[in-house]
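> This one is my_file.tsv, TSV, C-alpha atoms.
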chain	number	residue	atom	x	y	z
A	1264	MET	CA	-42.79	107.30	-120.56
A	1265	LYS	CA	-40.75	110.53	-120.67
A	1266	LYS	CA	-42.68	111.84	-117.65
A	1267	SER	CA	-41.94	108.61	-115.70
A	1268	VAL	CA	-38.21	108.87	-116.46
A	1269	THR	CA	-38.19	112.54	-115.38
A	1270	ILE	CA	-39.93	111.68	-112.10
A	1271	LEU	CA	-37.56	108.76	-111.51
A	1272	LEU	CA	-34.51	110.95	-112.12
A	1273	PHE	CA	-35.88	113.61	-109.77
A	1274	LEU	CA	-36.47	111.06	-107.01
A	1275	LEU	CA	-33.03	109.53	-107.53
A	1276	SER	CA	-31.32	112.93	-107.31
A	1277	PHE	CA	-33.33	113.72	-104.16
A	1278	CYS	CA	-32.17	110.46	-102.57
A	1279	ILE	CA	-28.54	111.14	-103.44
A	1280	VAL	CA	-28.67	114.68	-102.03
A	1281	SER	CA	-30.51	113.53	-98.89
A	1282	SER	CA	-28.05	110.73	-98.18
A	1283	SER	CA	-25.09	113.07	-98.60
A	1284	GLN	CA	-26.64	115.46	-96.07
A	1285	VAL	CA	-27.16	112.80	-93.42
A	1286	GLY	CA	-24.76	113.35	-90.55
A	1287	LYS	CA	-22.66	110.75	-88.87
A	1288	ASN	CA	-21.24	109.83	-85.50
A	1289	VAL	CA	-17.71	110.75	-84.49
A	1290	LEU	CA	-15.88	109.29	-81.49
A	1291	LEU	CA	-14.06	112.07	-79.65
A	1292	LEU	CA	-11.46	110.70	-77.23
A	1293	ILE	CA	-10.37	113.48	-74.89
A	1294	ASP	CA	-6.91	113.53	-73.24
A	1295	ILE	CA	-6.47	109.84	-72.46
A	1296	GLN	CA	-2.80	110.51	-71.79
A	1297	ASN	CA	-0.13	108.81	-69.73
A	1298	PHE	CA	0.15	111.56	-67.11
A	1299	TYR	CA	-3.35	110.62	-65.86
A	1300	PHE	CA	-2.34	107.02	-65.08
A	1301	PRO	CA	-0.60	105.68	-61.93
A	1302	GLY	CA	2.87	107.18	-61.62
A	1303	GLY	CA	1.93	110.16	-63.79
A	1304	LYS	CA	2.07	113.77	-62.64
A	1305	ALA	CA	-1.75	114.04	-62.39
A	1306	ALA	CA	-2.95	110.49	-61.71
A	1307	LEU	CA	-6.73	110.06	-61.63
A	1308	ALA	CA	-9.00	107.66	-59.78
A	1309	GLU	CA	-9.33	104.43	-61.81
A	1310	PRO	CA	-8.13	105.72	-65.18
A	1311	GLU	CA	-7.51	102.14	-66.37
A	1312	LYS	CA	-11.19	101.26	-66.04
A	1313	ALA	CA	-12.24	104.35	-68.01
A	1314	ALA	CA	-9.56	103.75	-70.66
A	1315	ALA	CA	-10.64	100.11	-71.04
A	1316	ASN	CA	-14.19	101.27	-71.83
A	1317	ALA	CA	-12.84	103.94	-74.17
A	1318	ALA	CA	-10.83	101.21	-75.91
A	1319	LEU	CA	-14.06	99.20	-76.40
A	1320	LEU	CA	-15.70	102.25	-77.98
A	1321	LEU	CA	-12.64	102.78	-80.15
A	1322	GLU	CA	-12.74	99.17	-81.34
A	1323	HIS	CA	-16.48	99.53	-82.08
A	1324	PHE	CA	-15.98	102.68	-84.17
A	1325	ARG	CA	-13.04	101.18	-86.03
A	1326	SER	CA	-15.00	98.00	-86.82
A	1327	LYS	CA	-17.81	100.11	-88.30
A	1328	LYS	CA	-15.31	102.32	-90.16
A	1329	GLN	CA	-16.66	105.39	-88.35
A	1330	GLU	CA	-14.64	108.52	-87.72
A	1331	VAL	CA	-12.36	108.65	-84.67
A	1332	ILE	CA	-10.75	111.82	-83.37
A	1333	HIS	CA	-8.14	111.85	-80.60
A	1334	VAL	CA	-7.49	114.99	-78.58
A	1335	ARG	CA	-4.37	115.48	-76.50
A	1336	HIS	CA	-3.30	118.27	-74.21
A	1337	ASN	CA	0.15	119.71	-74.84
A	1338	SER	CA	1.73	118.88	-71.51
A	1339	GLU	CA	4.84	116.97	-70.51
A	1340	PRO	CA	6.02	114.69	-69.07
A	1341	GLY	CA	3.57	111.92	-69.92
A	1342	GLY	CA	1.84	113.67	-72.79
A	1343	LEU	CA	1.60	110.65	-75.07
A	1344	ILE	CA	-1.83	109.17	-75.69
A	1345	ASN	CA	-2.08	106.00	-73.62
A	1346	LYS	CA	-1.39	102.71	-75.42
A	1347	MET	CA	-4.91	101.43	-74.59
A	1348	VAL	CA	-6.34	103.91	-77.12
A	1349	LYS	CA	-3.30	104.56	-79.29
A	1350	PRO	CA	-4.25	106.33	-82.52
A	1351	LEU	CA	-3.84	104.62	-85.87
A	1352	PRO	CA	-1.87	106.62	-88.45
A	1353	SER	CA	-5.14	107.21	-90.33
A	1354	GLU	CA	-6.90	108.72	-87.30
A	1355	LYS	CA	-6.98	112.47	-86.73
A	1356	VAL	CA	-5.21	113.82	-83.64
A	1357	PHE	CA	-5.74	117.36	-82.37
A	1358	SER	CA	-3.30	118.90	-79.89
A	1359	LYS	CA	-4.56	121.69	-77.66
A	1360	ASN	CA	-3.32	124.17	-75.10
A	1361	GLU	CA	-6.72	124.99	-73.56
A	1362	VAL	CA	-9.27	123.05	-71.51
A	1363	ASN	CA	-11.82	123.40	-74.34
A	1364	CYS	CA	-10.63	121.27	-77.29
A	1365	PHE	CA	-12.45	123.55	-79.75
A	1366	LYS	CA	-10.58	126.67	-78.60
A	1367	GLY	CA	-7.42	127.37	-80.56
A	1368	THR	CA	-7.82	124.29	-82.80
A	1369	ASP	CA	-9.48	123.49	-86.12
A	1370	LEU	CA	-11.61	120.76	-84.52
A	1371	HIS	CA	-14.99	122.37	-85.25
A	1372	GLU	CA	-14.07	123.04	-88.89
A	1373	TYR	CA	-12.82	119.48	-89.29
A	1374	ILE	CA	-16.02	117.97	-87.85
A	1375	LYS	CA	-18.18	120.19	-90.06
A	1376	GLY	CA	-16.03	119.25	-93.05
A	1377	ILE	CA	-16.71	115.53	-92.58
A	1378	ASN	CA	-20.45	116.20	-92.23
A	1379	ALA	CA	-20.75	114.84	-88.70
A	1380	ASP	CA	-23.67	115.78	-86.49
A	1381	THR	CA	-23.19	113.56	-83.42
A	1382	LEU	CA	-20.20	113.51	-81.09
A	1383	VAL	CA	-19.68	110.49	-78.86
A	1384	ILE	CA	-17.42	111.82	-76.12
A	1385	CYS	CA	-15.30	110.16	-73.46
A	1386	GLY	CA	-11.99	110.78	-71.75
A	1387	MET	CA	-10.21	112.60	-68.97
A	1388	GLN	CA	-10.90	114.59	-66.77
A	1389	THR	CA	-14.67	114.46	-66.46
A	1390	HIS	CA	-14.94	117.82	-64.69
A	1391	MET	CA	-12.52	119.70	-66.94
A	1392	CYS	CA	-11.73	118.87	-70.57
A	1393	VAL	CA	-14.58	116.38	-71.03
A	1394	GLU	CA	-17.09	118.84	-69.60
A	1395	ALA	CA	-15.73	121.64	-71.78
A	1396	ALA	CA	-15.99	119.47	-74.92
A	1397	VAL	CA	-19.59	118.51	-74.13
A	1398	ARG	CA	-20.69	122.09	-73.51
A	1399	ALA	CA	-18.84	123.56	-76.50
A	1400	GLY	CA	-19.97	120.76	-78.82
A	1401	SER	CA	-23.56	121.33	-77.75
A	1402	ASP	CA	-23.18	125.08	-78.29
A	1403	PHE	CA	-21.98	124.37	-81.83
A	1404	GLY	CA	-25.19	122.42	-82.44
A	1405	TYR	CA	-23.90	118.86	-82.34
A	1406	LYS	CA	-25.90	116.09	-80.73
A	1407	ILE	CA	-23.74	114.89	-77.83
A	1408	ILE	CA	-23.54	111.40	-76.36
A	1409	LEU	CA	-21.37	111.27	-73.25
A	1410	VAL	CA	-20.20	107.78	-72.25
A	1411	HIS	CA	-19.84	108.18	-68.50
A	1412	ASP	CA	-17.95	105.01	-67.59
A	1413	ALA	CA	-15.31	105.78	-70.21
A	1414	CYS	CA	-14.39	108.95	-68.29
A	1415	ALA	CA	-12.32	109.48	-65.16
A	1416	THR	CA	-11.46	112.27	-62.77
A	1417	ARG	CA	-9.77	112.83	-59.40
A	1418	ASP	CA	-10.33	114.09	-55.88
A	1419	LEU	CA	-10.57	117.86	-55.61
A	1420	ILE	CA	-9.96	120.16	-52.67
A	1421	PHE	CA	-11.99	123.30	-52.09
A	1422	ASN	CA	-11.94	125.50	-49.02
A	1423	GLY	CA	-10.04	122.84	-47.08
A	1424	LYS	CA	-12.54	120.09	-47.92
A	1425	THR	CA	-11.84	117.07	-50.11
A	1426	ILE	CA	-14.43	116.17	-52.71
A	1427	LYS	CA	-13.99	112.52	-53.66
A	1428	ALA	CA	-13.45	111.68	-57.34
A	1429	GLU	CA	-16.72	109.73	-57.52
A	1430	ASP	CA	-18.65	112.78	-56.27
A	1431	VAL	CA	-16.82	115.08	-58.69
A	1432	HIS	CA	-17.63	112.68	-61.54
A	1433	LEU	CA	-21.31	112.29	-60.61
A	1434	SER	CA	-21.93	115.98	-59.96
A	1435	THR	CA	-20.36	116.87	-63.30
A	1436	LEU	CA	-22.52	114.29	-65.08
A	1437	SER	CA	-25.62	115.69	-63.38
A	1438	THR	CA	-24.88	119.16	-64.80
A	1439	LEU	CA	-24.18	117.80	-68.28
A	1440	LYS	CA	-27.49	115.96	-68.71
A	1441	GLY	CA	-28.96	119.15	-70.15
A	1442	TYR	CA	-26.27	119.19	-72.85
A	1443	SER	CA	-26.01	115.52	-73.73
A	1444	THR	CA	-27.43	112.04	-73.64
A	1445	ILE	CA	-25.45	110.23	-70.96
A	1446	LEU	CA	-24.96	106.49	-71.42
A	1447	SER	CA	-22.79	103.70	-70.10
A	1448	THR	CA	-20.57	101.85	-72.57
A	1449	GLU	CA	-22.96	98.89	-72.47
A	1450	ASP	CA	-25.99	101.10	-73.11
A	1451	TYR	CA	-24.21	102.74	-76.02
A	1452	PHE	CA	-23.55	99.35	-77.60
A	1453	ASN	CA	-27.14	98.26	-77.03
A	1454	ARG	CA	-28.39	101.34	-78.90
A	1455	HIS	CA	-25.75	101.50	-81.64
Write out the structure in this file as structure tokens.

Amino acid sequence: MKKSVTILLFLLSFCIVSSSQVGKNVLLLIDIQNFYFPGGKAALAEPEKAAANAALLLEHFRSKKQEVIHVRHNSEPGGLINKMVKPLPSEKVFSKNEVNCFKGTDLHEYIKGINADTLVICGMQTHMCVEAAVRAGSDFGYKIILVHDACATRDLIFNGKTIKAEDVHLSTLSTLKGYSTILSTEDYFNRH
């Protein structure tokens, strides 16, 4: 009997330790700020569509009581996070001065501190701050899920040639497939 109780206590303690070491998903909303919307100083192509999908992800994470982190770039005018994904008072907001949201912030320490291992990333701009977050997050060892239709970008000009926003978006996604699992919002919901 004593041996059975000892084994049972050992197994129970193993289960408790194992469950506390299991990571969790975090939604990382990157720079969904007013200046990227029509009339803003850096309007993107179809930011409303991307923000609507980001809002669906946000609602999903909130309904499951999963961690949500908002990131905003310190830039004015229009620096407020857009009302479609407005943070709740209980949700963490990181402000940054760099393209990479991990640089110059305590974001990595915060994510480690809440024992998260998977970052679900979306936001603006695909080819800049979103890309930097995906690459840096992967370098830190997190599993990355990039939700492509909850991201937006803009036309770029290089050497006198215009690269359309859709091409910028798609080419960026093609380079990030080695760093992340890339899903649509619908595919994310079907899997999670």
> Considering only C-alpha atoms, can you say which of A:Leu1433, A:Ile1407, A:Leu1351, A:Ala1313 comes closest to A:Asp1380?
A:Ile1407
> Looking at all atoms listed in the file, which of A:Phe1452, A:Phe1365, A:Tyr1299, A:Phe1421 is the one that sits closest to A:Asp1402?
A:Phe1365
> Give me, please, the distance in Å between atom CA of A:Glu1339 and atom CA of A:Glu1361, quoted to one decimal.
14.4 Å
> If you measure from atom CA of A:Val1331 to atom CA of A:Pro1301, what distance in Å do you get, rounded to one decimal?
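That distance, rounded to one decimal, is 25.8 Å.
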> Please identify all polymer residues within 7 Å of A:Ile1332, counting all atoms listed in the file, omitting same-chain residues fewer than 4 positions from it, and present them as a list in words.
Leu1290, Leu1291, Leu1292, Glu1354, Lys1355 and Val1356 of chain A
> Would you list the residues near (-20.2, 119.6, -76.5), meaning any protein, DNA or RNA residue with an atom at most 10 Å from that point in file coordinates, counting only C-alpha atoms, as a list in words?
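These residues have at least one counted atom within 10 Å: Asn1363, Cys1364, Phe1365, Thr1381, Leu1382, Val1383, Ile1384, Val1393, Glu1394, Ala1395, Ala1396, Val1397, Arg1398, Ala1399, Gly1400, Ser1401, Asp1402, Phe1403, Gly1404, Tyr1405, Lys1406, Ile1407, Ile1408, Leu1409, Leu1439, Tyr1442 and Ser1443 of chain A.
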> Using all atoms listed in the file, what residues lie at most 10 Å away from (-25.6, 106.7, -86.1) (file coordinates), given as a list in words?
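Output of the proximity query reads Val1285, Gly1286, Lys1287, Asn1288, Val1289, Gln1329, Ala1379, Asp1380, Thr1381, Arg1454 and His1455 of chain A.
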> Between A:Gly1386, A:Gly1423, A:Gly1342, A:Gly1441, which residue has the minimum interatomic distance to A:Ile1293, considering all atoms listed in the file?
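Checking each candidate against A:Ile1293, we get A:Gly1386 as the closest.
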> Quick one: pull the distance between atom CA of A:Ile1295 and atom CA of A:Met1347, Å, one decimal.
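If I compute the distance from atom CA of A:Ile1295 to atom CA of A:Met1347, I get 8.8 Å.
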> Which of these, A:Asp1430, A:Thr1444, A:Val1348, A:Ile1374, has the shortest distance to A:Leu1320 once you count all atoms listed in the file?
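Result for the nearest residue to A:Leu1320: A:Val1348.
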> Quick one: of A:Leu1343, A:Val1431, A:Leu1370, A:Met1387, who's nearest to A:Ala1415, counting only C-alpha atoms?
A:Met1387
> Of the candidates A:Asn1316, A:Gly1341, A:Lys1366, A:Ser1326, which shows the shortest atom-to-atom distance to A:Gly1303, using only C-alpha atoms?
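Of A:Asn1316, A:Gly1341, A:Lys1366, A:Ser1326, the one nearest A:Gly1303 is A:Gly1341, counting only C-alpha atoms.
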> Excluding A:Leu1446 and residues on its chain fewer than 3 positions from it, collect all residues at most 8 Å away from it, counting all atoms listed in the file, and give them as a PyMOL selection string.
chain A and resi 1408-1411+1449-1451
